[in-house]
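So this block is run_18.tsv, TSV, C-alpha atoms and all ligand atoms:
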chain	number	residue	atom	x	y	z
A	1	MET	CA	-102.47	-84.60	-124.15
A	2	LYS	CA	-105.63	-85.49	-126.07
A	3	GLN	CA	-108.39	-87.23	-124.15
A	4	LEU	CA	-111.41	-89.05	-125.63
A	5	PHE	CA	-114.15	-91.05	-123.92
A	6	ASN	CA	-115.85	-94.24	-125.15
A	7	ALA	CA	-113.44	-94.18	-128.09
A	8	SER	CA	-113.49	-96.58	-131.04
A	9	LEU	CA	-110.27	-98.58	-131.48
A	10	LYS	CA	-111.14	-99.83	-134.99
A	11	SER	CA	-108.74	-97.51	-136.79
A	12	LEU	CA	-106.08	-98.16	-134.14
A	13	ASN	CA	-105.62	-101.90	-134.72
A	14	SER	CA	-104.34	-103.45	-137.94
A	15	PHE	CA	-106.96	-106.23	-137.81
A	16	SER	CA	-109.52	-103.38	-138.14
A	17	VAL	CA	-111.90	-105.02	-135.69
A	18	GLU	CA	-114.30	-102.93	-133.64
A	19	ALA	CA	-113.58	-102.48	-129.94
A	20	ARG	CA	-114.02	-99.57	-127.55
A	21	ALA	CA	-111.98	-97.99	-124.79
A	22	GLY	CA	-113.53	-96.28	-121.77
A	23	GLN	CA	-110.96	-93.54	-122.18
A	24	LEU	CA	-108.26	-92.84	-124.76
A	25	LEU	CA	-105.23	-90.72	-123.88
A	26	ILE	CA	-102.91	-89.65	-126.69
A	27	LEU	CA	-99.39	-88.60	-125.70
A	28	GLU	CA	-97.68	-86.29	-128.19
A	29	SER	CA	-94.75	-84.85	-126.21
A	30	GLU	CA	-92.50	-85.53	-123.24
A	31	HIS	CA	-94.61	-82.91	-121.46
A	32	ASP	CA	-97.68	-85.16	-121.97
A	33	LEU	CA	-95.72	-87.98	-120.35
A	34	GLN	CA	-95.18	-85.80	-117.30
A	35	THR	CA	-98.89	-84.91	-117.24
A	36	LEU	CA	-99.72	-88.61	-117.39
A	37	LYS	CA	-97.41	-89.22	-114.43
A	38	ASP	CA	-99.14	-86.51	-112.42
A	39	LEU	CA	-102.68	-87.36	-113.46
A	40	HIS	CA	-103.27	-90.94	-113.89
A	41	GLN	CA	-103.41	-93.99	-111.72
A	42	PHE	CA	-102.75	-96.75	-114.22
A	43	ASP	CA	-104.06	-100.26	-113.58
A	44	PRO	CA	-102.51	-102.92	-115.84
A	45	LYS	CA	-105.53	-105.17	-115.19
A	46	CYS	CA	-107.97	-102.92	-117.06
A	47	ASP	CA	-105.77	-100.34	-118.86
A	48	LEU	CA	-103.58	-100.77	-121.92
A	49	VAL	CA	-100.68	-99.10	-123.73
A	50	LEU	CA	-101.21	-99.37	-127.46
A	51	GLY	CA	-98.50	-98.86	-130.10
A	52	GLY	CA	-99.32	-99.19	-133.79
A	53	GLY	CA	-101.94	-101.84	-132.97
A	54	SER	CA	-100.24	-104.23	-135.39
A	55	ASN	CA	-99.71	-107.06	-132.92
A	56	ILE	CA	-102.96	-107.16	-131.00
A	57	LEU	CA	-106.37	-108.77	-131.38
A	58	PHE	CA	-109.31	-107.12	-129.67
A	59	ALA	CA	-111.79	-109.87	-128.85
A	60	GLY	CA	-113.29	-107.60	-126.21
A	61	ASN	CA	-113.39	-103.97	-125.07
A	62	ILE	CA	-111.06	-102.09	-122.74
A	63	ALA	CA	-113.12	-100.90	-119.80
A	64	GLY	CA	-110.39	-98.60	-118.55
A	65	THR	CA	-107.86	-96.42	-120.34
A	66	VAL	CA	-105.91	-96.93	-123.53
A	67	ILE	CA	-102.73	-94.86	-123.80
A	68	LEU	CA	-101.29	-94.12	-127.22
A	69	ASN	CA	-97.64	-93.10	-127.26
A	70	ARG	CA	-97.31	-90.82	-130.29
A	71	ILE	CA	-94.18	-89.01	-129.07
A	72	SER	CA	-91.74	-88.69	-131.97
A	73	GLY	CA	-88.08	-87.79	-132.24
A	74	LYS	CA	-84.65	-89.17	-133.14
A	75	LYS	CA	-81.29	-88.15	-131.71
A	76	ILE	CA	-77.76	-89.35	-132.45
A	77	ILE	CA	-76.05	-89.70	-129.06
A	78	THR	CA	-72.58	-90.80	-130.13
A	79	ASP	CA	-71.01	-91.16	-133.55
A	80	SER	CA	-67.75	-92.91	-134.42
A	81	ASP	CA	-66.16	-94.42	-137.53
A	82	ASP	CA	-67.77	-97.76	-136.70
A	83	ASP	CA	-70.94	-97.29	-134.69
A	84	VAL	CA	-73.65	-94.79	-133.95
A	85	LEU	CA	-75.83	-94.75	-130.87
A	86	LEU	CA	-79.26	-93.54	-131.86
A	87	GLU	CA	-82.07	-92.65	-129.46
A	88	VAL	CA	-85.57	-93.00	-130.93
A	89	SER	CA	-88.89	-92.06	-129.35
A	90	GLY	CA	-91.53	-94.77	-129.00
A	91	GLY	CA	-94.09	-93.06	-131.25
A	92	GLU	CA	-91.88	-93.18	-134.36
A	93	ASN	CA	-92.98	-95.50	-137.17
A	94	TRP	CA	-90.64	-98.50	-137.30
A	95	HIS	CA	-90.34	-98.82	-141.08
A	96	GLN	CA	-89.80	-95.07	-141.56
A	97	LEU	CA	-86.99	-95.34	-139.00
A	98	VAL	CA	-85.40	-98.17	-141.01
A	99	LEU	CA	-85.52	-96.08	-144.21
A	100	TRP	CA	-84.19	-92.98	-142.44
A	101	SER	CA	-81.28	-94.92	-140.92
A	102	LEU	CA	-80.31	-96.26	-144.36
A	103	GLU	CA	-80.42	-92.72	-145.79
A	104	GLN	CA	-77.95	-91.69	-143.06
A	105	GLY	CA	-75.58	-94.45	-144.23
A	106	LEU	CA	-76.32	-96.56	-141.16
A	107	SER	CA	-76.91	-100.30	-141.31
A	108	GLY	CA	-78.24	-102.93	-138.94
A	109	LEU	CA	-81.97	-102.52	-139.51
A	110	GLU	CA	-82.19	-103.46	-143.21
A	111	ASN	CA	-83.50	-107.02	-142.62
A	112	LEU	CA	-86.23	-105.55	-140.41
A	113	SER	CA	-87.73	-103.45	-143.22
A	114	LEU	CA	-91.50	-103.12	-143.60
A	115	ILE	CA	-92.36	-104.55	-140.19
A	116	PRO	CA	-95.56	-102.71	-139.27
A	117	GLY	CA	-95.91	-100.86	-135.98
A	118	LEU	CA	-94.17	-98.26	-133.86
A	119	VAL	CA	-90.72	-98.16	-132.29
A	120	GLY	CA	-92.10	-98.43	-128.74
A	121	ALA	CA	-93.57	-101.84	-129.51
A	122	ALA	CA	-90.37	-103.26	-130.99
A	123	PRO	CA	-88.83	-104.46	-127.68
A	124	MET	CA	-92.14	-105.96	-126.53
A	125	GLN	CA	-91.74	-109.01	-128.69
A	126	ASN	CA	-88.16	-108.51	-129.81
A	127	ILE	CA	-89.30	-108.04	-133.42
A	128	GLY	CA	-87.41	-110.15	-135.90
A	129	ALA	CA	-87.23	-111.10	-139.54
A	130	TYR	CA	-84.79	-112.71	-141.95
A	131	GLY	CA	-82.28	-113.78	-139.30
A	132	VAL	CA	-82.07	-110.43	-137.48
A	133	GLU	CA	-83.89	-109.42	-134.33
A	134	LEU	CA	-84.07	-106.24	-132.33
A	135	ALA	CA	-81.74	-107.78	-129.72
A	136	ASP	CA	-78.93	-107.55	-132.31
A	137	VAL	CA	-79.02	-103.74	-132.31
A	138	LEU	CA	-80.71	-102.76	-129.05
A	139	GLU	CA	-78.65	-100.97	-126.37
A	140	SER	CA	-81.30	-99.86	-123.89
A	141	VAL	CA	-84.99	-99.20	-123.31
A	142	HIS	CA	-86.29	-96.17	-121.38
A	143	VAL	CA	-89.63	-96.70	-119.71
A	144	MET	CA	-92.14	-95.13	-117.42
A	145	ASP	CA	-93.31	-97.48	-114.69
A	146	LEU	CA	-97.07	-97.04	-114.88
A	147	GLU	CA	-97.58	-98.37	-111.37
A	148	THR	CA	-95.24	-95.88	-109.69
A	149	GLY	CA	-94.81	-93.11	-112.28
A	150	ASN	CA	-91.01	-93.51	-112.03
A	151	SER	CA	-88.69	-93.45	-115.05
A	152	ASN	CA	-86.41	-96.41	-115.52
A	153	LYS	CA	-83.77	-97.61	-117.97
A	154	PHE	CA	-83.18	-101.24	-118.91
A	155	GLY	CA	-79.97	-102.33	-120.63
A	156	ARG	CA	-80.42	-104.94	-123.34
A	157	ASP	CA	-79.58	-107.81	-120.99
A	158	ASP	CA	-82.20	-106.61	-118.49
A	159	CYS	CA	-84.96	-106.79	-121.10
A	160	GLN	CA	-84.96	-110.63	-121.12
A	161	LEU	CA	-85.19	-110.69	-124.89
A	162	SER	CA	-85.70	-114.07	-126.50
A	163	TYR	CA	-87.41	-115.44	-129.60
A	164	ARG	CA	-90.35	-113.01	-130.15
A	165	ASP	CA	-90.46	-112.34	-126.43
A	166	SER	CA	-89.29	-110.05	-123.61
A	167	ARG	CA	-90.03	-109.14	-120.00
A	168	PHE	CA	-92.45	-106.48	-121.34
A	169	LYS	CA	-94.63	-109.24	-122.77
A	170	THR	CA	-94.32	-111.75	-119.94
A	171	ALA	CA	-93.28	-110.97	-116.33
A	172	ASP	CA	-94.02	-107.24	-116.64
A	173	VAL	CA	-96.90	-107.27	-119.08
A	174	GLY	CA	-98.77	-103.95	-118.99
A	175	ARG	CA	-96.48	-102.40	-116.39
A	176	TYR	CA	-94.25	-100.15	-118.48
A	177	LEU	CA	-94.79	-97.51	-121.11
A	178	ILE	CA	-91.82	-97.65	-123.47
A	179	ASP	CA	-90.85	-94.02	-123.89
A	180	ARG	CA	-87.77	-94.42	-126.12
A	181	ILE	CA	-85.10	-96.91	-127.12
A	182	VAL	CA	-81.40	-96.65	-127.95
A	183	LEU	CA	-80.00	-98.58	-130.92
A	184	ARG	CA	-76.43	-99.31	-131.95
A	185	LEU	CA	-76.19	-99.01	-135.73
A	186	HIS	CA	-73.17	-99.48	-137.97
A	187	ARG	CA	-71.24	-97.29	-140.36
A	188	ARG	CA	-69.75	-100.42	-141.98
A	189	PHE	CA	-72.21	-102.84	-143.51
A	190	HIS	CA	-72.11	-106.47	-142.33
A	191	PRO	CA	-74.71	-108.23	-144.51
A	192	LYS	CA	-76.81	-111.01	-142.99
A	193	LEU	CA	-78.05	-112.99	-145.95
A	194	GLY	CA	-78.36	-116.47	-144.48
A	195	TYR	CA	-82.14	-116.64	-144.55
A	196	ASP	CA	-84.18	-118.30	-147.25
A	197	GLY	CA	-85.09	-115.99	-150.08
A	198	ILE	CA	-82.93	-112.88	-149.67
A	199	THR	CA	-79.97	-113.90	-151.83
A	200	GLU	CA	-82.33	-115.26	-154.50
A	201	GLU	CA	-84.28	-111.97	-154.47
A	202	LEU	CA	-81.06	-109.94	-154.81
A	203	HIS	CA	-79.98	-112.11	-157.74
A	204	SER	CA	-83.35	-111.62	-159.40
A	205	MET	CA	-82.73	-107.86	-158.98
A	206	GLY	CA	-79.39	-108.33	-160.80
A	207	ILE	CA	-77.35	-107.61	-157.65
A	208	GLN	CA	-74.28	-109.62	-156.66
A	209	GLN	CA	-72.73	-107.53	-153.85
A	210	ALA	CA	-75.59	-105.79	-152.10
A	211	THR	CA	-75.59	-102.56	-150.13
A	212	ALA	CA	-77.70	-102.28	-146.99
A	213	ARG	CA	-80.28	-100.29	-148.95
A	214	GLN	CA	-80.48	-103.06	-151.56
A	215	VAL	CA	-80.99	-105.71	-148.85
A	216	SER	CA	-83.80	-103.55	-147.50
A	217	ASP	CA	-85.28	-103.30	-151.00
A	218	ALA	CA	-85.12	-107.09	-151.37
A	219	VAL	CA	-86.86	-107.64	-148.02
A	220	ILE	CA	-89.54	-105.10	-148.97
A	221	ARG	CA	-90.15	-106.86	-152.28
A	222	ILE	CA	-90.46	-110.28	-150.62
A	223	ARG	CA	-92.74	-109.02	-147.88
A	224	GLN	CA	-94.98	-107.15	-150.32
A	225	ARG	CA	-95.32	-110.31	-152.38
A	226	LYS	CA	-95.83	-112.75	-149.51
A	227	LEU	CA	-97.88	-110.80	-146.98
A	228	PRO	CA	-101.25	-109.08	-147.29
A	229	ALA	CA	-101.10	-105.30	-146.69
A	230	PRO	CA	-103.02	-104.46	-143.48
A	231	GLU	CA	-104.34	-101.23	-145.10
A	232	VAL	CA	-106.14	-103.42	-147.63
A	233	THR	CA	-106.96	-106.58	-145.65
A	234	GLY	CA	-106.92	-106.40	-141.86
A	235	ASN	CA	-104.26	-108.61	-140.26
A	236	ALA	CA	-101.56	-108.65	-137.60
A	237	GLY	CA	-98.79	-110.43	-139.50
A	238	SER	CA	-97.87	-113.88	-138.22
A	239	PHE	CA	-100.63	-115.04	-135.92
A	240	PHE	CA	-98.60	-117.88	-134.37
A	241	ARG	CA	-94.97	-118.12	-133.33
A	242	ASN	CA	-92.87	-120.78	-134.99
A	243	PRO	CA	-92.74	-123.56	-132.38
A	244	VAL	CA	-89.33	-124.36	-130.90
A	245	VAL	CA	-89.26	-128.02	-129.89
A	246	GLU	CA	-86.85	-130.65	-128.61
A	247	THR	CA	-84.76	-132.00	-131.49
A	248	ALA	CA	-85.92	-135.58	-130.74
A	249	LEU	CA	-89.50	-134.51	-131.48
A	250	ALA	CA	-88.40	-132.69	-134.64
A	251	ASP	CA	-86.58	-135.84	-135.83
A	252	LEU	CA	-89.73	-137.85	-135.26
A	253	LEU	CA	-91.77	-135.36	-137.26
A	254	VAL	CA	-89.25	-135.49	-140.12
A	255	LYS	CA	-89.70	-139.30	-140.23
A	256	ASN	CA	-93.49	-139.05	-140.24
A	257	PHE	CA	-94.11	-135.99	-142.42
A	258	SER	CA	-92.23	-135.78	-145.67
A	259	GLY	CA	-90.99	-132.26	-146.50
A	260	ILE	CA	-91.52	-130.74	-143.06
A	261	PRO	CA	-89.04	-127.83	-142.71
A	262	THR	CA	-86.88	-127.79	-139.57
A	263	TYR	CA	-84.22	-125.29	-138.46
A	264	ALA	CA	-81.57	-126.32	-135.92
A	265	LEU	CA	-81.00	-123.56	-133.35
A	266	ASP	CA	-77.87	-122.66	-131.39
A	267	ASN	CA	-79.48	-123.79	-128.12
A	268	GLY	CA	-79.74	-127.40	-129.33
A	269	LYS	CA	-83.47	-127.16	-130.01
A	270	THR	CA	-85.22	-127.11	-133.36
A	271	LYS	CA	-87.58	-124.56	-134.86
A	272	LEU	CA	-90.57	-125.71	-136.92
A	273	SER	CA	-92.52	-123.73	-139.50
A	274	ALA	CA	-96.00	-122.96	-138.16
A	275	ALA	CA	-97.04	-121.82	-141.64
A	276	TRP	CA	-96.12	-125.17	-143.18
A	277	MET	CA	-98.13	-127.15	-140.64
A	278	ILE	CA	-101.16	-124.85	-140.96
A	279	ASP	CA	-100.97	-125.15	-144.74
A	280	GLN	CA	-100.80	-128.96	-144.48
A	281	CYS	CA	-104.01	-128.86	-142.43
A	282	GLY	CA	-105.69	-127.17	-145.40
A	283	TRP	CA	-106.26	-123.72	-143.90
A	284	LYS	CA	-104.50	-121.50	-146.42
A	285	GLY	CA	-107.11	-119.29	-148.11
A	286	TYR	CA	-109.90	-120.61	-145.85
A	287	ARG	CA	-112.74	-118.21	-145.05
A	288	GLU	CA	-115.57	-118.34	-142.53
A	289	GLY	CA	-117.71	-115.22	-142.94
A	290	ASP	CA	-115.24	-112.34	-142.89
A	291	ALA	CA	-112.64	-114.16	-140.76
A	292	GLY	CA	-110.08	-116.09	-142.74
A	293	VAL	CA	-106.56	-117.26	-143.44
A	294	SER	CA	-104.62	-115.35	-146.07
A	295	ASP	CA	-104.22	-117.11	-149.39
A	296	LEU	CA	-100.73	-115.58	-149.60
A	297	HIS	CA	-99.43	-116.88	-146.27
A	298	ALA	CA	-100.94	-119.57	-144.01
A	299	LEU	CA	-99.59	-117.91	-140.85
A	300	VAL	CA	-101.58	-114.71	-141.39
A	301	LEU	CA	-105.18	-114.54	-140.20
A	302	VAL	CA	-107.21	-111.88	-141.93
A	303	ASN	CA	-110.33	-109.77	-141.54
A	304	HIS	CA	-112.00	-109.57	-144.95
A	305	GLY	CA	-114.25	-106.74	-143.80
A	306	ASN	CA	-116.49	-106.96	-140.78
A	307	ALA	CA	-115.19	-109.91	-138.78
A	308	SER	CA	-115.22	-109.44	-135.03
A	309	GLY	CA	-112.17	-110.12	-132.92
A	310	LEU	CA	-114.02	-113.03	-131.36
A	311	GLN	CA	-114.66	-114.63	-134.77
A	312	ILE	CA	-110.97	-114.36	-135.62
A	313	LEU	CA	-110.06	-115.84	-132.25
A	314	GLU	CA	-112.47	-118.76	-132.78
A	315	LEU	CA	-110.85	-119.47	-136.14
A	316	ALA	CA	-107.40	-119.33	-134.51
A	317	ASP	CA	-108.55	-121.89	-131.94
A	318	GLU	CA	-109.77	-124.23	-134.70
A	319	ILE	CA	-106.41	-123.92	-136.47
A	320	ARG	CA	-104.47	-124.55	-133.27
A	321	ASP	CA	-106.57	-127.65	-132.49
A	322	SER	CA	-106.08	-129.12	-135.95
A	323	VAL	CA	-102.29	-128.63	-135.88
A	324	LYS	CA	-102.16	-130.21	-132.42
A	325	ALA	CA	-104.25	-133.19	-133.59
A	326	ARG	CA	-102.15	-133.80	-136.70
A	327	PHE	CA	-98.61	-132.96	-135.57
A	328	GLY	CA	-98.84	-133.07	-131.76
A	329	VAL	CA	-97.39	-129.53	-131.69
A	330	GLU	CA	-98.91	-126.67	-129.71
A	331	LEU	CA	-99.12	-123.33	-131.52
A	332	VAL	CA	-98.85	-120.18	-129.41
A	333	PRO	CA	-100.33	-116.91	-130.70
A	334	GLU	CA	-97.90	-114.07	-131.38
A	335	PRO	CA	-100.26	-111.07	-130.96
A	336	ARG	CA	-101.57	-109.98	-127.60
A	337	ILE	CA	-105.19	-111.06	-127.26
A	338	ILE	CA	-107.65	-108.86	-125.36
A	339	GLN	CA	-110.75	-110.68	-124.09
B	1	LIG	P1	-90.43	-118.67	-144.74
B	1	LIG	O1	-89.29	-118.33	-145.64
B	1	LIG	O2	-91.69	-119.19	-145.31
B	1	LIG	O3	-89.91	-119.68	-143.61
B	1	LIG	C1	-90.79	-120.14	-142.59
B	1	LIG	C2	-90.13	-119.97	-141.25
B	1	LIG	O4	-88.92	-120.66	-141.23
B	1	LIG	C3	-89.79	-118.52	-140.96
B	1	LIG	O5	-90.82	-117.96	-140.22
B	1	LIG	C4	-88.45	-118.56	-140.26
B	1	LIG	O6	-88.53	-118.44	-138.84
B	1	LIG	C5	-87.93	-119.96	-140.53
B	1	LIG	N1	-86.69	-119.88	-141.31
B	1	LIG	C6	-86.55	-119.64	-142.62
B	1	LIG	N2	-85.26	-119.67	-142.98
B	1	LIG	C7	-84.56	-119.89	-141.85
B	1	LIG	C8	-83.18	-120.00	-141.54
B	1	LIG	N3	-82.25	-119.94	-142.51
B	1	LIG	N4	-82.82	-120.21	-140.25
B	1	LIG	C9	-83.76	-120.29	-139.27
B	1	LIG	N5	-85.07	-120.19	-139.49
B	1	LIG	C10	-85.47	-120.00	-140.77
B	1	LIG	O7	-90.73	-117.39	-143.84
B	1	LIG	P2	-91.71	-116.18	-144.01
B	1	LIG	O8	-92.98	-116.49	-143.35
B	1	LIG	O9	-91.74	-115.70	-145.42
B	1	LIG	O10	-90.97	-115.10	-143.13
B	1	LIG	C11	-89.70	-114.62	-143.47
B	1	LIG	C12	-89.19	-113.79	-142.28
B	1	LIG	O11	-90.06	-112.70	-142.00
B	1	LIG	C13	-89.11	-114.62	-141.03
B	1	LIG	O12	-87.97	-114.23	-140.31
B	1	LIG	C14	-90.37	-114.24	-140.30
B	1	LIG	O13	-90.26	-114.38	-138.91
B	1	LIG	C15	-90.54	-112.80	-140.68
B	1	LIG	N6	-91.94	-112.45	-140.62
B	1	LIG	C16	-92.46	-112.01	-139.43
B	1	LIG	C17	-93.81	-111.70	-139.35
B	1	LIG	C18	-94.43	-111.25	-138.08
B	1	LIG	O14	-95.55	-110.81	-138.11
B	1	LIG	N7	-93.77	-111.38	-136.96
B	1	LIG	C19	-94.63	-111.83	-140.47
B	1	LIG	C20	-94.07	-112.32	-141.63
B	1	LIG	C21	-92.73	-112.61	-141.70
B	1	LIG	P3	-88.47	-117.07	-138.02
B	1	LIG	O15	-89.86	-116.57	-138.02
B	1	LIG	O16	-88.05	-117.53	-136.67
B	1	LIG	O17	-87.51	-116.14	-138.63
Written form, structure tokens:
Amino acid sequence: MKQLFNASLKSLNSFSVEARAGQLLILESEHDLQTLKDLHQFDPKCDLVLGGGSNILFAGNIAGTVILNRISGKKIITDSDDDVLLEVSGGENWHQLVLWSLEQGLSGLENLSLIPGLVGAAPMQNIGAYGVELADVLESVHVMDLETGNSNKFGRDDCQLSYRDSRFKTADVGRYLIDRIVLRLHRRFHPKLGYDGITEELHSMGIQQATARQVSDAVIRIRQRKLPAPEVTGNAGSFFRNPVVETALADLLVKNFSGIPTYALDNGKTKLSAAWMIDQCGWKGYREGDAGVSDLHALVLVNHGNASGLQILELADEIRDSVKARFGVELVPEPRIIQ
């Protein structure tokens, strides 16, 4: 296990903002996990487990310890004509996993291509894109309870997964280190093409009946076009969740705001587009010093160079206030905010 003191977190968060950790522990093997169990008294109030740093905003330092899970490994547990159960360590890169699974002839992850971050972070907010979310393929999550040092396994239903949310982000925030997850992937491809844009992209690629790999390619093309690359311009993807509201409120908004997109959900509620509302408030492409809103996508806050986490947070507050004033809708940030 690597150990650093007073460590910079700038290269460990996709916003590329400066922040420091009192101590940084880097886990690279299951043996390191055991050492951590034996060594460390973890306190969720001042310590933090960090994945790829792609869904976090540091508006302050971490006085205690930051733990990086960089344990890698993939193992097929069972294999049948239909399904494969695949165990993946938390330190694996999510997008590389998607590509690897497609190379093995496995489908289920194609719509989740090019999502930044590591596998261990995927259950935290039940990552989702283009009508598929982790919950659709997740079997179980293996964790270490950082309060007790005990290992534990949660079946999918125990993870309390919902729209961009889970127990790991709410009731049990900071308590568990996600060691590995088990996914159920498919040998037969069942395309999910219902979301805006994918079918059009496939047609523009000259494809009528797509393979899983081609769906992945289409998603990659759309994402590369619509989202700023964090390696070039610091960002954490969508900064706000799409609000889910009572349908009566959505109907009222449709009457008052021409063109407002709404999506009816299975639970009788309606999802609104945060990006559309932010755009209507004039924020797309806005810049205040080095903190700004992407000119490609209104939902993505960016660091043009040397913005601090606090400056980005202040901009987010201004955006949230303006959307509330104009539409009466409360935006909730998607990334974890450290203050
Ligand atoms: P978009 O096409 O501009 O649409 C705006 C929003 O409308 C999306 O965020 C999506 O909600 C919702 N939507 C679109 N078609 C829908 C449908 N058929 N049924 C239900 N809801 C629908 O979206 P976008 O911003 O380019 O994003 C496309 C996908 O990539 C979305 O799934 C989005 O969540 C995902 N994405 C995620 C991140 C992230 O950082 N978490 C960043 C960029 C894109 P949902 O978000 O609920 O899917």
Please identify all polymer residues within 7 Å of Ala59 of chain A, counting all atoms listed in the file, omitting same-chain residues fewer than 5 positions from it, and present them as a ChimeraX atom specification. /A:309-310,337-339
Expressed in Å to a single decimal, how great is the separation between atom CA of Ala212 of chain A and atom CA of Val132 of chain A? 13.3 Å
Local residues around (-89.1, -103.2, -141.8), at most 10 Å away, using only C-alpha atoms, as a list of chain:residue names: A:Asn93, A:Trp94, A:His95, A:Gln96, A:Leu97, A:Val98, A:Leu99, A:Leu109, A:Glu110, A:Asn111, A:Leu112, A:Ser113, A:Leu114, A:Ile115, A:Pro116, A:Gly117, A:Ile127, A:Gly128, A:Ala129, A:Ser216, A:Asp217, A:Val219, A:Ile220, A:Arg223
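The shortest atom-to-atom distance to Ile181 of chain A, with all atoms listed in the file taken into account, belongs to A:Ser140 out of A:Ser140, A:Ser72, A:Ser8, A:Gln160.
Taking atom CA of Glu334 of chain A and atom CA of Arg241 of chain A as endpoints, the distance between them is 5.4 Å.
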Around the point (-111.1, -98.0, -135.3) (coordinates from the file), which residues reach within 12 Å if we count all atoms listed in the file? Answer as a PyMOL selection string. chain A and resi 6-21+52-53+58+234+306
Can you tell me which residues surround Pro123 of chain A at a distance of at most 9 Å, considering all atoms listed in the file, apart from same-chain residues fewer than 6 positions away, and format the answer as a ChimeraX atom specification? /A:134-135,138,141,159,161,165-166,168-169,178,181
Dump as a Markdown table the rows for residues of chain A within 7 Å of ligand LIG 1 (chain B): closest atom pair and distance in Å with one decimal, all atoms listed in the file counted, ordered by chain and rising residue number.
| residue | atom | partner | partner_atom | distance |
| --- | --- | --- | --- | --- |
| A:Ile127 | CA | B:LIG1 | N7 | 6.6 |
| A:Gly128 | CA | B:LIG1 | O13 | 5.9 |
| A:Ala129 | CA | B:LIG1 | O12 | 3.3 |
| A:Tyr130 | CA | B:LIG1 | O12 | 3.9 |
| A:Gly131 | CA | B:LIG1 | O17 | 5.8 |
| A:Gly194 | CA | B:LIG1 | N3 | 5.6 |
| A:Tyr195 | CA | B:LIG1 | N3 | 3.9 |
| A:Asp196 | CA | B:LIG1 | N2 | 4.6 |
| A:Gly197 | CA | B:LIG1 | O1 | 6.5 |
| A:Lys226 | CA | B:LIG1 | O9 | 6.5 |
| A:Leu227 | CA | B:LIG1 | C20 | 6.7 |
| A:Ala236 | CA | B:LIG1 | O14 | 6.4 |
| A:Gly237 | CA | B:LIG1 | O14 | 3.5 |
| A:Ser238 | CA | B:LIG1 | O14 | 3.8 |
| A:Phe239 | CA | B:LIG1 | O14 | 7.0 |
| A:Asn242 | CA | B:LIG1 | O15 | 6.0 |
| A:Tyr263 | CA | B:LIG1 | C9 | 5.1 |
| A:Lys271 | CA | B:LIG1 | N5 | 6.8 |
| A:Leu272 | CA | B:LIG1 | O4 | 6.8 |
| A:Ser273 | CA | B:LIG1 | C2 | 4.8 |
| A:Ala275 | CA | B:LIG1 | C1 | 6.5 |
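Straight-line separation from atom CA of Asn150 of chain A to atom CA of Ser162 of chain A: 25.7 Å.
Among the candidates A:Ile62, A:Gln208, A:Asn69, A:Thr270, the one nearest to Asp179 of chain A when counting all atoms listed in the file is A:Asn69.
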Non-local contacts of segment 24-40 of chain A (12 Å; all atoms listed in the file; under 5 positions in same chain excluded) as a PyMOL selection string: chain A and resi 1-9+12+47-51+62-73+89-92+143-151+177-180
Which residue is closest to Asp43 of chain A? Choose from A:Arg336, A:Arg175, A:Arg287, A:Arg221 and count only C-alpha atoms. A:Arg175
Between A:Ser101, A:Thr211, A:Asn126, A:Thr199, which has the minimum distance to Arg164 of chain A (counting only C-alpha atoms)? A:Asn126
I need the residue nearest Glu314 of chain A from this list: A:Ala291, A:Val302, A:Val182, A:Ile207. Use all atoms listed in the file for the distance. A:Ala291
8 Å per side around segment 153-166 of chain A: axis-aligned box centre and edge lengths, as JSON:
{"center_x": -85.0, "center_y": -106.5, "center_z": -124.1, "size_x": 26.9, "size_y": 33.8, "size_z": 28.2}
Of the listed residues A:Met205, A:Leu57, A:Leu86, A:Leu331, that which approaches Leu301 of chain A most closely, counting all atoms listed in the file: A:Leu57
